[in-house]
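Participant: Pasting a structure below so you can have a look.
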Amino acid sequence: MKTHLKILVFVIMMPFPVDGQAQFDSVPEIGLSRIATVISGNSYITFPADIGNIEPLWFEADIVPNFMIRESKNSRLMGMITPQIIIRMYREESQPVRTPSYMPQISIFYRFKQDRFKRINTVFFKYGHHSNGQDGGFYMPDSSTINLKTGNFATNYLSFGIINNKFNTKFNAFLFFNSTIEVHPPGWSNPELEGKYSMVRWYFGSSAFKIPLGKSKNNGKKAKISIKTEFMWMFGNINDWSQLNSNRLNFNFTFYYHPRFLEDIGFFMNFYTGMDYYNIYFNHKITVLRFGIMTDILKF
């Protein structure tokens with residue numbers, strides 16, 4: 001726990017510039033589509049070298065295409081449709097891909113005007129769905145064991161959040177902070193999830209995107225390095241845990257590096273500990289370190 005908090009403090013407490021208004025004059029205004037992309041995340045594929053207690057995998061792939069609905073690139077109101085899918089291929093006979101996570105989302109973003117220090121606040125509302133495309137019984141026959149192979153998993157949720165972003169001239173980096181409340185209303189999920197799956201969740205995340213130095217350092221450049229951290233706390237009745245049980249905390253940290261010899265992808269390292277986010281596997285707690293390649297579609 002202490003290690004997780006130290007990482008978060010390191011990212012959040014990066015020194016901010018205090019030299020006055022002039023240093024902000026050359027910083028470009030960030031469009032709403034770029035802000036939304038930071039929150040939705042990037043597509044990735046992991047290498048078959050996971051370190052931790054997750055089942056042996058050939059790869060995990062997160063496919064996150066975003067379809068923007070807006071009048072123009074300068075719009076401050078925008079809709080977004082994201083048909084996200086997460087796939088795991090297991091290192092077993094026939095290399096099965098079991099119960100992919102189908103996670104379609106519809107989001108609405110509104111960006112407020114940039115202030116004199118180039119800070120922007122954005123609010124968003126999201127409707128999301130998470131299922132595994134199976135129709136079997138939730139439990140194994142004559143057992144209280146969850147049916148991981150064919151058991152039906154489905155939940156729907158609403159979330160509301162706020163995003164703050166600013167530019168740090170000292171580190172030549174864009175910084176993002178976001179806070180989100182996610183609610184799974186009664187009757188919107190499998191009844192078997194009651195008492196086992198958190199129906200109210202709070203997310204807090206921070207991201208830093210370091211831009212390459214140079215005369216045209218902010219002219220359509222991609223981030224050379226990015227760091228993302230996210231904490232998620234699960235509220236409600238979960239396996240009779242106390243309200244301060246550490247199992248309610250999920251932590252996610254990603255370090256991304258974009259080498260010069262690659263155009264649209266880079267390498268990442270990710271550390272995750274907490275509830276397994278892969279649909280009906282939610283009852284597993286995993287701690288895993290993995291490596292892989294990730295898309296780099298964000299430009300500043």
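Residue names in the structure tokens use chain letters A, B, ... in the order shown, residue numbers from 1 in each chain, and ligand numbers from 1 in the order shown.
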Which neighbours of A:Met78 fall inside 10 Å, counting only C-alpha atoms, when residues of the same chain fewer than 2 positions from it are skipped, and could you give them as a short mmCIF file (atom, residue, chain, number, x, y, z; two decimals) with C-alpha atoms, in the first residue's frame?
Facilitator:
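Writing the result to result.cif gives the following:
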```
data_model
loop_
_atom_site.label_atom_id
_atom_site.label_comp_id
_atom_site.auth_asym_id
_atom_site.auth_seq_id
_atom_site.Cartn_x
_atom_site.Cartn_y
_atom_site.Cartn_z
CA LEU A 32 -11.64 17.70 -26.71
CA SER A 33 -10.89 14.58 -28.75
CA ALA A 36 -11.27 12.03 -24.35
CA MET A 68 -16.10 10.92 -32.30
CA ILE A 69 -19.43 12.71 -32.85
CA ARG A 70 -18.94 16.48 -33.09
CA GLU A 71 -19.47 19.49 -35.32
CA SER A 72 -15.78 20.35 -35.71
CA LYS A 73 -12.38 19.79 -34.14
CA ASN A 74 -12.89 22.95 -32.07
CA SER A 75 -16.21 21.83 -30.57
CA ARG A 76 -16.51 22.00 -26.80
CA MET A 80 -18.03 9.35 -28.37
CA SER A 107 -19.94 9.07 -23.66
CA ILE A 108 -20.69 12.79 -23.74
CA PHE A 109 -17.91 15.31 -23.02
CA TYR A 110 -18.12 19.05 -22.38
CA ARG A 111 -14.94 21.13 -22.23
CA PHE A 124 -18.23 13.74 -18.98
#
```
Participant: I need the alpha helix (DSSP H) residues of stretch 7-132 of chain A per DSSP on the backbone, written as a VMD selection string.
Facilitator: chain A and resid 7 to 12 32 to 40
Participant: Those residues you just picked out, can you put them in a file as a PDB file, in the first residue's frame with C-alpha atoms?
Facilitator:
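Once written, out19.pdb looks like this:
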```
ATOM      1  CA  ILE A   7       3.981   6.374  -6.865  1.00  0.00           C
ATOM      2  CA  LEU A   8       0.808   8.477  -6.903  1.00  0.00           C
ATOM      3  CA  VAL A   9       2.416  11.304  -4.921  1.00  0.00           C
ATOM      4  CA  PHE A  10       5.421  11.296  -7.295  1.00  0.00           C
ATOM      5  CA  VAL A  11       3.189  11.769 -10.349  1.00  0.00           C
ATOM      6  CA  ILE A  12       0.825  14.314  -8.775  1.00  0.00           C
ATOM      7  CA  LEU A  32     -11.638  17.701 -26.713  1.00  0.00           C
ATOM      8  CA  SER A  33     -10.886  14.575 -28.748  1.00  0.00           C
ATOM      9  CA  ARG A  34      -7.389  14.434 -27.264  1.00  0.00           C
ATOM     10  CA  ILE A  35      -8.728  14.800 -23.740  1.00  0.00           C
ATOM     11  CA  ALA A  36     -11.268  12.028 -24.345  1.00  0.00           C
ATOM     12  CA  THR A  37      -8.578   9.711 -25.737  1.00  0.00           C
ATOM     13  CA  VAL A  38      -6.517  10.058 -22.568  1.00  0.00           C
ATOM     14  CA  ILE A  39      -9.474   8.851 -20.495  1.00  0.00           C
ATOM     15  CA  SER A  40     -10.572   6.026 -22.805  1.00  0.00           C
TER      16      SER A  40
END
```
Participant: Got a sec: who's within 7 Å of A:Lys210, counting only C-alpha atoms, leaving out chain neighbours fewer than 4 positions off, as a compact mmCIF listing (two decimals) with N, CA and C atoms, in the first residue's frame?
Facilitator:
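Output (part-v5.txt):
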```
# COMPACT_ATOMS: atom_id res chain seq x y z
N ASN A 172 8.15 20.02 -19.70
CA ASN A 172 7.66 19.96 -21.07
C ASN A 172 6.66 18.79 -21.21
N ALA A 173 5.68 18.77 -20.31
CA ALA A 173 4.75 17.64 -20.25
C ALA A 173 3.33 18.14 -20.01
N PHE A 174 2.38 17.42 -20.59
CA PHE A 174 0.97 17.64 -20.30
C PHE A 174 0.56 16.75 -19.13
N ALA A 223 3.96 12.15 -27.60
CA ALA A 223 4.66 12.02 -26.33
C ALA A 223 5.74 10.95 -26.44
N LYS A 224 6.94 11.27 -25.98
CA LYS A 224 8.03 10.30 -25.99
C LYS A 224 7.89 9.33 -24.82
N ILE A 225 7.43 9.85 -23.70
CA ILE A 225 7.22 9.06 -22.49
C ILE A 225 5.88 9.45 -21.89
N SER A 226 5.15 8.48 -21.40
CA SER A 226 3.94 8.78 -20.64
C SER A 226 3.86 7.88 -19.43
```
Participant: Interatomic distance between atom CA of A:Leu148 and atom CA of A:Asn53?
Facilitator: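 Pair atom CA of A:Leu148 / atom CA of A:Asn53 returns 16.7 Å.
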Participant: Just want the 12 Å neighbourhood of A:Tyr257, counted on only C-alpha atoms, with same-chain residues fewer than 3 positions away dropped. Output as an mmCIF file with C-alpha atoms, in the first residue's frame.
Facilitator:
```cif
data_model
loop_
_atom_site.group_PDB
_atom_site.id
_atom_site.type_symbol
_atom_site.label_atom_id
_atom_site.label_comp_id
_atom_site.auth_asym_id
_atom_site.auth_seq_id
_atom_site.Cartn_x
_atom_site.Cartn_y
_atom_site.Cartn_z
ATOM 1 C CA PHE A 209 2.829 12.956 -21.256
ATOM 2 C CA LYS A 210 6.365 14.209 -21.871
ATOM 3 C CA ILE A 211 6.818 15.945 -25.235
ATOM 4 C CA PRO A 212 10.159 15.848 -27.150
ATOM 5 C CA LYS A 222 3.804 12.658 -29.936
ATOM 6 C CA ALA A 223 4.661 12.016 -26.333
ATOM 7 C CA LYS A 224 8.032 10.301 -25.985
ATOM 8 C CA ILE A 225 7.219 9.064 -22.494
ATOM 9 C CA SER A 226 3.943 8.781 -20.645
ATOM 10 C CA ILE A 227 3.053 7.664 -17.140
ATOM 11 C CA LYS A 228 -0.456 6.740 -16.007
ATOM 12 C CA THR A 254 1.578 2.081 -16.803
ATOM 13 C CA ARG A 260 12.054 7.209 -32.608
ATOM 14 C CA PHE A 261 12.176 4.262 -35.009
ATOM 15 C CA LEU A 262 8.446 3.483 -34.561
ATOM 16 C CA GLU A 263 5.613 5.666 -35.838
ATOM 17 C CA ASP A 264 2.316 4.641 -34.238
ATOM 18 C CA ILE A 265 3.235 2.185 -31.491
ATOM 19 C CA GLY A 266 5.601 1.977 -28.554
ATOM 20 C CA PHE A 267 6.511 -0.265 -25.648
ATOM 21 C CA PHE A 268 4.836 -0.316 -22.266
ATOM 22 C CA MET A 269 5.244 -1.804 -18.816
ATOM 23 C CA ASN A 270 2.179 -2.248 -16.642
ATOM 24 C CA PHE A 291 5.103 -5.884 -20.931
ATOM 25 C CA GLY A 292 3.909 -5.302 -24.484
ATOM 26 C CA ILE A 293 3.230 -2.880 -27.323
ATOM 27 C CA MET A 294 0.676 -0.079 -27.270
ATOM 28 C CA THR A 295 -0.781 2.306 -29.826
ATOM 29 C CA ASP A 296 0.303 5.930 -29.724
#
```
Participant: May I ask for the distance between atom CA of A:Glu93 and atom CA of A:Ala61, given in Å to one decimal place?
Facilitator: 19.5 Å
Participant: List the neighbours of A:Ile146 out to 12 Å using only C-alpha atoms; skip same-chain residues closer than 2 positions along the sequence, and give me the result as a ChimeraX atom specification.
Facilitator: /A:136-144,148-153,192-193,196,279-284
Participant: For the selection you just gave me, I'd like the residues written to a file as a short mmCIF file (atom, residue, chain, number, x, y, z; two decimals), in the first residue's frame, keeping C-alpha atoms.
Facilitator:
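File part_36.cif, as written:
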```
data_model
loop_
_atom_site.label_atom_id
_atom_site.label_comp_id
_atom_site.auth_asym_id
_atom_site.auth_seq_id
_atom_site.Cartn_x
_atom_site.Cartn_y
_atom_site.Cartn_z
CA GLY A 136 -24.68 -20.70 -19.29
CA GLY A 137 -25.46 -20.85 -15.59
CA PHE A 138 -23.52 -18.47 -13.38
CA TYR A 139 -22.51 -21.36 -11.09
CA MET A 140 -21.29 -24.83 -11.89
CA PRO A 141 -24.04 -27.50 -11.62
CA ASP A 142 -24.73 -28.46 -7.99
CA SER A 143 -21.96 -26.15 -6.82
CA SER A 144 -21.31 -22.64 -5.52
CA LEU A 148 -15.74 -19.37 -15.66
CA LYS A 149 -16.04 -21.05 -19.05
CA THR A 150 -19.71 -20.62 -20.01
CA GLY A 151 -21.28 -18.71 -17.12
CA ASN A 152 -23.29 -15.60 -18.01
CA PHE A 153 -21.84 -12.28 -16.86
CA GLU A 192 -25.90 -13.39 -8.92
CA LEU A 193 -23.48 -10.44 -8.72
CA LYS A 196 -19.99 -10.19 -4.77
CA ASN A 279 -15.69 -10.17 -16.86
CA ILE A 280 -16.69 -13.28 -14.86
CA TYR A 281 -13.15 -13.64 -13.48
CA PHE A 282 -13.91 -10.66 -11.20
CA ASN A 283 -13.80 -12.88 -8.09
CA HIS A 284 -10.04 -13.39 -8.57
#
```
Participant: Could you give me, as a PyMOL selection string, each residue of stretch 30-164 of chain A that DSSP assigns to strand (DSSP E or B) when run on this structure's backbone?
Facilitator: chain A and resi 44-46+51-52+57-63+67-69+77-90+97+101-111+120-131+136+139+146+151+154-164
Participant: When you draw a straight line from atom CA of A:Ser207 to atom CA of A:Ile81, how long is it in Å?
Facilitator: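 Atom-to-atom, atom CA of A:Ser207 to atom CA of A:Ile81, that is 22.3 Å.
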Participant: If you count only C-alpha atoms, which residues fall within 12 Å of A:Ser198, apart from same-chain ones fewer than 3 positions away, as an MDAnalysis selection string?
Facilitator: chainID A and resid 155 157 182:186 189 193:195 201:202 232:241 243 247:250 275 277 282:283
